[in-house]
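One structure below.
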Amino acid sequence: MSLRPSPRPIAHPLRYSYGTNGLTDLRLDDALSLLADLGYDGVGLTLDHMHLDPLAPDLAARTHKLARRLDELGLGVTIETGARYVLDPRRKHGPSLLDPDPAQRARRADLLVRAVQIATDLGAHAVHCFSGILPKDTGGDADTGAADTGSGTEGQAVAAEDAAWKRLAETLTPVLDAATAAGIPLAIEPEPGHLLATLDDFQRLRTDLGSPDALGLTLDIGHCQCLEPLSPADCVRAAAPWLRHVQIEDMRRGVHEHLPFGDGEIDFPPVLEALSAVGYQGLVSVELPRHSHAGPQLAQQSLPFLHHAAAVSTPPDADRPPNPGEGPTDSDGRTP
């Protein structure tokens with residue numbers, strides 16, 4: 001009996017979703033029906049007043065009804081928690097996990113714990129979150145135990161940032177406990193302008209928290225183009241061990257503006273190839289929160305764009321030396 005070469009690794013097929021923060025002019029059921037009709041595999045569900053309000057009465061009953069609807073439509077779901085004014089009608093994304101007031105930080109943590117419960121009830125793949133921006137008055141306050149060290153503005157800035165990282169870790173701890181108990185990953189997103197803005201910042205947080213299994217990463221492909229030193233495809237490969245959720249849109253270098261596909265600078269085939277090659281199994285969610293006015297049209301255009309970009313990407317094993325007995329033939333369509 002001849003020895004046959006081991007089978008080549010099979011890249012994981014990608015599954016696409018669309019964020020409801022880009023469909024805010026639609027009722028939630030209309031948005032879900034639209035995505036199912038267009039052929040999406042899932043939905044990035046932002047908890048907000050116009051869709052699944054996490055603070056309104058009868059949350060458990062509304063969530064149960066939504067779970068049935070998602071099942072009927074065959075849609076997977078990831079829970080997004082980036083609603084602008086869900087907790088405070090006057091402060092965008094306020095209060096954050098870094099708020100100087102411990103009670104206000106606890107409000108954000110409580111929302112995330114509630115999001116974990118919603119994710120459990122819906123069978124979601126992950127719960128997304130982000131750190132928030134560094135407050136101007138972060139520093140040597142009693143609740144962090146930090147003190148302004150050094151002299152002048154530079155020393156104060158270092159102390160403020162250290163205090164903020166300590167706050168972030170402490171405030172996330174009960175959320176991670178809930179995520180661990182539920183078996184739902186908490187996927188924090190590096191966000192331009194926030195305390196946790198880069199992949200290196202994510203690694204700092206993991207280290208500060210003792211590398212808990214429940215802490216994963218939301219990778220926004222546009223953010224990689226905006227500010228990471230690596231290419232978006234290389235960011236995918238670097239983030240692969242912790243990757244639990246992916247957001248995708250076009251973007252330009254140095255400009256944090258979510259753009260429809262084709263309006264920015266990203267080369268998408270290598271990105272999708274990298275996601276497939278690393279075996280990413282969550283949803284790849286289109287993230288266009290400032291384009292709800294054209295949400296249905298952009299949802300219709302985005303999925304064919306992604307399918308085409310995936311189809312033209314280089315096969316994952318294109319650069320792999322052939323196994324003995326393999327090699328290109330006239331019938332396999334390869335050229336030297």
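Starting from 1 in every chain, residues are counted up; chains themselves are A, B, ... following the order of the structure tokens, and ligands are numbered from 1 as listed.
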Using only C-alpha atoms, find each residue of range 41-123 of chain A with at least one atom at most 12 Å away from an atom of range 287-297 of chain A; report its shortest atom-to-atom pair and that distance in Å (one decimal), sort the rows by chain and rising residue number, and return the result as CSV.
residue,atom,partner,partner_atom,distance
A:Val43,CA,A:Glu287,CA,10.6
A:Gly44,CA,A:Glu287,CA,8.5
A:Leu45,CA,A:Glu287,CA,10.9
A:Thr46,CA,A:Pro289,CA,10.2
A:Glu80,CA,A:Glu287,CA,10.7
A:Gly82,CA,A:Pro289,CA,9.8
A:Ala83,CA,A:Pro289,CA,9.6
A:Arg84,CA,A:Pro289,CA,10.2
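Near range 233-237 of chain A, within 8 Å and counting only C-alpha atoms, sit Leu219, Cys224, Glu228, Pro270, Val271, Leu272, Ala274, Leu275 and Val278 of chain A; same-chain residues fewer than 4 positions away were not included.
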Would you export the selected residues with all heavy atoms as a compact mmCIF listing (two decimals), in the first residue's frame, please?
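This is the output file out-v9.txt:
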# COMPACT_ATOMS: atom_id res chain seq x y z
N LEU A 219 -11.57 42.55 16.69
CA LEU A 219 -10.66 43.20 15.75
C LEU A 219 -11.47 43.93 14.70
O LEU A 219 -12.20 43.31 13.93
CB LEU A 219 -9.74 42.17 15.10
CG LEU A 219 -8.61 42.77 14.24
CD1 LEU A 219 -7.59 43.47 15.12
CD2 LEU A 219 -7.93 41.68 13.41
N CYS A 224 -7.38 48.74 12.09
CA CYS A 224 -6.02 48.28 11.77
C CYS A 224 -5.42 49.16 10.68
O CYS A 224 -4.26 49.57 10.77
CB CYS A 224 -6.05 46.82 11.30
SG CYS A 224 -6.62 45.65 12.55
N GLU A 228 -2.68 50.86 13.13
CA GLU A 228 -1.72 49.82 13.50
C GLU A 228 -0.50 49.86 12.58
O GLU A 228 -0.62 50.13 11.39
CB GLU A 228 -2.36 48.44 13.42
CG GLU A 228 -3.44 48.17 14.46
CD GLU A 228 -2.88 47.91 15.85
OE1 GLU A 228 -1.63 47.87 16.02
OE2 GLU A 228 -3.69 47.76 16.78
N PRO A 270 -6.54 39.87 0.89
CA PRO A 270 -5.60 39.30 1.86
C PRO A 270 -6.16 39.24 3.27
O PRO A 270 -5.82 38.33 4.04
CB PRO A 270 -4.39 40.24 1.79
CG PRO A 270 -4.49 40.92 0.46
CD PRO A 270 -5.96 41.05 0.20
N VAL A 271 -7.02 40.18 3.63
CA VAL A 271 -7.62 40.17 4.96
C VAL A 271 -8.53 38.97 5.13
O VAL A 271 -8.46 38.24 6.13
CB VAL A 271 -8.41 41.48 5.20
CG1 VAL A 271 -9.14 41.41 6.54
CG2 VAL A 271 -7.48 42.69 5.16
N LEU A 272 -9.40 38.74 4.16
CA LEU A 272 -10.32 37.61 4.24
C LEU A 272 -9.58 36.29 4.15
O LEU A 272 -9.94 35.31 4.82
CB LEU A 272 -11.38 37.73 3.15
CG LEU A 272 -12.23 39.00 3.21
CD1 LEU A 272 -13.22 39.05 2.06
CD2 LEU A 272 -12.95 39.14 4.54
N ALA A 274 -6.58 35.79 5.31
CA ALA A 274 -5.96 35.59 6.61
C ALA A 274 -6.99 35.11 7.63
O ALA A 274 -6.71 34.20 8.43
CB ALA A 274 -5.30 36.88 7.09
N LEU A 275 -8.18 35.69 7.63
CA LEU A 275 -9.22 35.25 8.56
C LEU A 275 -9.57 33.79 8.34
O LEU A 275 -9.74 33.03 9.30
CB LEU A 275 -10.47 36.12 8.40
CG LEU A 275 -10.41 37.52 9.00
CD1 LEU A 275 -11.59 38.36 8.51
CD2 LEU A 275 -10.39 37.45 10.53
N VAL A 278 -6.54 31.42 9.48
CA VAL A 278 -6.33 31.22 10.92
C VAL A 278 -7.47 30.45 11.57
O VAL A 278 -7.44 30.17 12.77
CB VAL A 278 -6.11 32.57 11.66
CG1 VAL A 278 -4.93 33.31 11.07
CG2 VAL A 278 -7.38 33.43 11.64
Using only C-alpha atoms, which residue out of A:Pro135, A:Gly22, A:Gly254, A:Gly216 lies closest to Pro190 in chain A?
A:Gly216
List the spatial neighbours of Glu189 in chain A as a PyMOL selection string - criterion: any atom at most 12 Å away, only C-alpha atoms, same-chain residues fewer than 2 positions off excluded.
chain A and resi 80-82+126-132+186-187+191-203+205+215-224+239+242-247
Return as number ranges by chain the full set of residues in range 15-255 of chain A whose backbone-based DSSP assignment is strand (DSSP E or B).
A: 15-19, 42-46, 76-80, 127-129, 186-188, 215-220, 243-248, 250-252, 255
For range 103-207 of chain A against range 55-67 of chain A, with a cut-off of 12 Å and counting only C-alpha atoms, what is the closest atom pair and its distance in Å to one decimal for every residue that makes the cut, ordered by chain and number, as a Markdown table?
| residue | atom | partner | partner_atom | distance |
| --- | --- | --- | --- | --- |
| A:Arg107 | CA | A:Leu55 | CA | 11.3 |
| A:Asp110 | CA | A:Leu55 | CA | 10.7 |
| A:Leu111 | CA | A:Leu55 | CA | 8.5 |
| A:Leu112 | CA | A:Leu55 | CA | 11.7 |
| A:Arg114 | CA | A:Leu55 | CA | 9.2 |
| A:Ala115 | CA | A:Leu55 | CA | 10.6 |
| A:Gln117 | CA | A:Ala60 | CA | 9.3 |
| A:Ile118 | CA | A:Thr63 | CA | 6.8 |
| A:Ala119 | CA | A:Thr63 | CA | 9.3 |
| A:Thr120 | CA | A:Thr63 | CA | 10.1 |
| A:Asp121 | CA | A:His64 | CA | 7.0 |
| A:Leu122 | CA | A:Ala67 | CA | 5.1 |
| A:Gly123 | CA | A:Ala67 | CA | 7.9 |
| A:Ala124 | CA | A:Ala67 | CA | 9.7 |
Rounded to one decimal, what separation in Å do you get between CA of Ala309 in chain A and CA of Asp30 in chain A?
27.5 Å
Skipping near chain neighbours, those fewer than 6 positions away, what residues fall within 8 Å of Pro95 in chain A using only C-alpha atoms, listed as a VMD selection string?
chain A and resid 87 to 88 104 to 105 107 to 108
Written file, previous selection with N, CA, C and O atoms, as a PDB file, in the first residue's frame:
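What follows is the written file part_7.pdb:
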ATOM      1  N   LEU A  87     -26.793  54.713  28.106  1.00  0.00           N
ATOM      2  CA  LEU A  87     -26.729  54.922  29.552  1.00  0.00           C
ATOM      3  C   LEU A  87     -26.882  56.379  29.958  1.00  0.00           C
ATOM      4  O   LEU A  87     -27.343  56.672  31.056  1.00  0.00           O
ATOM      5  N   ASP A  88     -26.465  57.286  29.113  1.00  0.00           N
ATOM      6  CA  ASP A  88     -26.481  58.710  29.449  1.00  0.00           C
ATOM      7  C   ASP A  88     -26.919  59.491  28.210  1.00  0.00           C
ATOM      8  O   ASP A  88     -26.227  59.460  27.193  1.00  0.00           O
ATOM      9  N   GLN A 104     -20.488  55.294  38.599  1.00  0.00           N
ATOM     10  CA  GLN A 104     -20.732  55.386  37.163  1.00  0.00           C
ATOM     11  C   GLN A 104     -20.020  54.261  36.411  1.00  0.00           C
ATOM     12  O   GLN A 104     -20.577  53.694  35.464  1.00  0.00           O
ATOM     13  N   ARG A 105     -18.818  53.932  36.838  1.00  0.00           N
ATOM     14  CA  ARG A 105     -18.137  52.782  36.229  1.00  0.00           C
ATOM     15  C   ARG A 105     -18.950  51.514  36.432  1.00  0.00           C
ATOM     16  O   ARG A 105     -19.054  50.665  35.539  1.00  0.00           O
ATOM     17  N   ARG A 107     -22.119  51.264  36.592  1.00  0.00           N
ATOM     18  CA  ARG A 107     -23.250  51.246  35.660  1.00  0.00           C
ATOM     19  C   ARG A 107     -22.848  50.623  34.320  1.00  0.00           C
ATOM     20  O   ARG A 107     -23.600  49.840  33.740  1.00  0.00           O
ATOM     21  N   ARG A 108     -21.660  50.980  33.841  1.00  0.00           N
ATOM     22  CA  ARG A 108     -21.192  50.389  32.588  1.00  0.00           C
ATOM     23  C   ARG A 108     -20.931  48.899  32.763  1.00  0.00           C
ATOM     24  O   ARG A 108     -21.281  48.089  31.901  1.00  0.00           O
TER      25      ARG A 108
END
Please return, as a VMD selection string, all residues of range 9-188 of chain A that DSSP assigns to helix (DSSP H, G or I) on the basis of the backbone.
chain A and resid 20 to 22 28 to 38 59 to 73 102 to 122 152 to 182
Filtering to C-alpha atoms, could you give me those residues as a short mmCIF file (atom, residue, chain, number, x, y, z; two decimals), in the first residue's frame?
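Generated output (result_3.cif):
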data_model
loop_
_atom_site.label_atom_id
_atom_site.label_comp_id
_atom_site.auth_asym_id
_atom_site.auth_seq_id
_atom_site.Cartn_x
_atom_site.Cartn_y
_atom_site.Cartn_z
CA THR A 20 -27.71 46.92 13.52
CA ASN A 21 -26.01 50.20 14.45
CA GLY A 22 -25.99 50.74 10.69
CA LEU A 28 -35.35 45.31 14.50
CA ASP A 29 -37.55 42.64 12.94
CA ASP A 30 -37.43 44.44 9.60
CA ALA A 31 -33.64 44.65 9.84
CA LEU A 32 -33.35 40.94 10.64
CA SER A 33 -35.67 39.98 7.79
CA LEU A 34 -33.66 42.15 5.41
CA LEU A 35 -30.37 40.52 6.40
CA ALA A 36 -31.80 37.03 6.11
CA ASP A 37 -33.28 37.80 2.69
CA LEU A 38 -29.93 39.19 1.49
CA LEU A 59 -36.10 42.17 28.91
CA ALA A 60 -36.19 38.41 29.44
CA ALA A 61 -39.45 38.03 27.51
CA ARG A 62 -38.26 40.28 24.68
CA THR A 63 -34.98 38.41 24.47
CA HIS A 64 -36.76 35.05 24.38
CA LYS A 65 -38.96 36.28 21.52
CA LEU A 66 -35.90 37.52 19.65
CA ALA A 67 -34.13 34.20 20.12
CA ARG A 68 -37.04 32.43 18.42
CA ARG A 69 -36.95 34.92 15.57
CA LEU A 70 -33.22 34.53 15.02
CA ASP A 71 -33.67 30.77 14.98
CA GLU A 72 -36.50 31.04 12.42
CA LEU A 73 -34.31 33.16 10.16
CA PRO A 102 -16.93 54.33 40.86
CA ALA A 103 -20.73 54.28 40.80
CA GLN A 104 -20.73 55.39 37.16
CA ARG A 105 -18.14 52.78 36.23
CA ALA A 106 -20.35 50.20 37.90
CA ARG A 107 -23.25 51.25 35.66
CA ARG A 108 -21.19 50.39 32.59
CA ALA A 109 -20.06 47.11 34.13
CA ASP A 110 -23.67 46.25 34.99
CA LEU A 111 -24.68 46.88 31.37
CA LEU A 112 -21.97 44.51 30.20
CA VAL A 113 -23.04 41.84 32.69
CA ARG A 114 -26.56 42.25 31.37
CA ALA A 115 -25.18 41.91 27.84
CA VAL A 116 -23.56 38.62 28.83
CA GLN A 117 -26.93 37.33 30.03
CA ILE A 118 -28.59 38.45 26.79
CA ALA A 119 -25.84 36.75 24.81
CA THR A 120 -26.43 33.55 26.77
CA ASP A 121 -30.16 33.65 26.08
CA LEU A 122 -29.60 34.30 22.37
CA GLY A 152 5.55 68.28 35.93
CA THR A 153 3.02 67.43 33.28
CA GLU A 154 4.77 64.30 32.04
CA GLY A 155 4.77 62.62 35.43
CA GLN A 156 1.12 63.48 35.95
CA ALA A 157 0.21 62.04 32.56
CA VAL A 158 1.99 58.76 33.34
CA ALA A 159 0.23 58.53 36.69
CA ALA A 160 -3.14 59.27 35.09
CA GLU A 161 -2.67 56.56 32.48
CA ASP A 162 -1.51 53.99 35.04
CA ALA A 163 -4.54 54.79 37.18
CA ALA A 164 -6.82 54.39 34.17
CA TRP A 165 -5.40 50.94 33.36
CA LYS A 166 -5.96 49.91 36.96
CA ARG A 167 -9.55 51.14 36.81
CA LEU A 168 -10.16 49.28 33.58
CA ALA A 169 -8.92 45.98 34.96
CA GLU A 170 -10.86 46.33 38.21
CA THR A 171 -14.11 47.37 36.52
CA LEU A 172 -13.94 44.54 33.99
CA THR A 173 -13.34 41.86 36.63
CA PRO A 174 -17.01 41.22 37.52
CA VAL A 175 -17.89 41.24 33.80
CA LEU A 176 -15.24 38.63 33.12
CA ASP A 177 -16.54 36.57 36.03
CA ALA A 178 -20.00 36.61 34.45
CA ALA A 179 -18.57 35.78 31.03
CA THR A 180 -16.58 32.90 32.48
CA ALA A 181 -19.64 31.48 34.23
CA ALA A 182 -21.71 31.79 31.04
#
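Minimum atom-to-atom distance to Leu227 in chain A, evaluated using only C-alpha atoms, belongs to A:Arg252 out of A:Arg91, A:Arg252, A:His258, A:Arg204.
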Would you work out the distance separating CA of Pro232 in chain A from CA of Pro185 in chain A, expressed in Å to one decimal?
22.5 Å
With distances taken over only C-alpha atoms, which of A:Ile248, A:Leu134, A:Leu14, A:Leu75 is nearest to Gly42 in chain A?
A:Leu75
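Straight-line separation from CA of Pro241 in chain A to CA of Phe261 in chain A: 26.7 Å.
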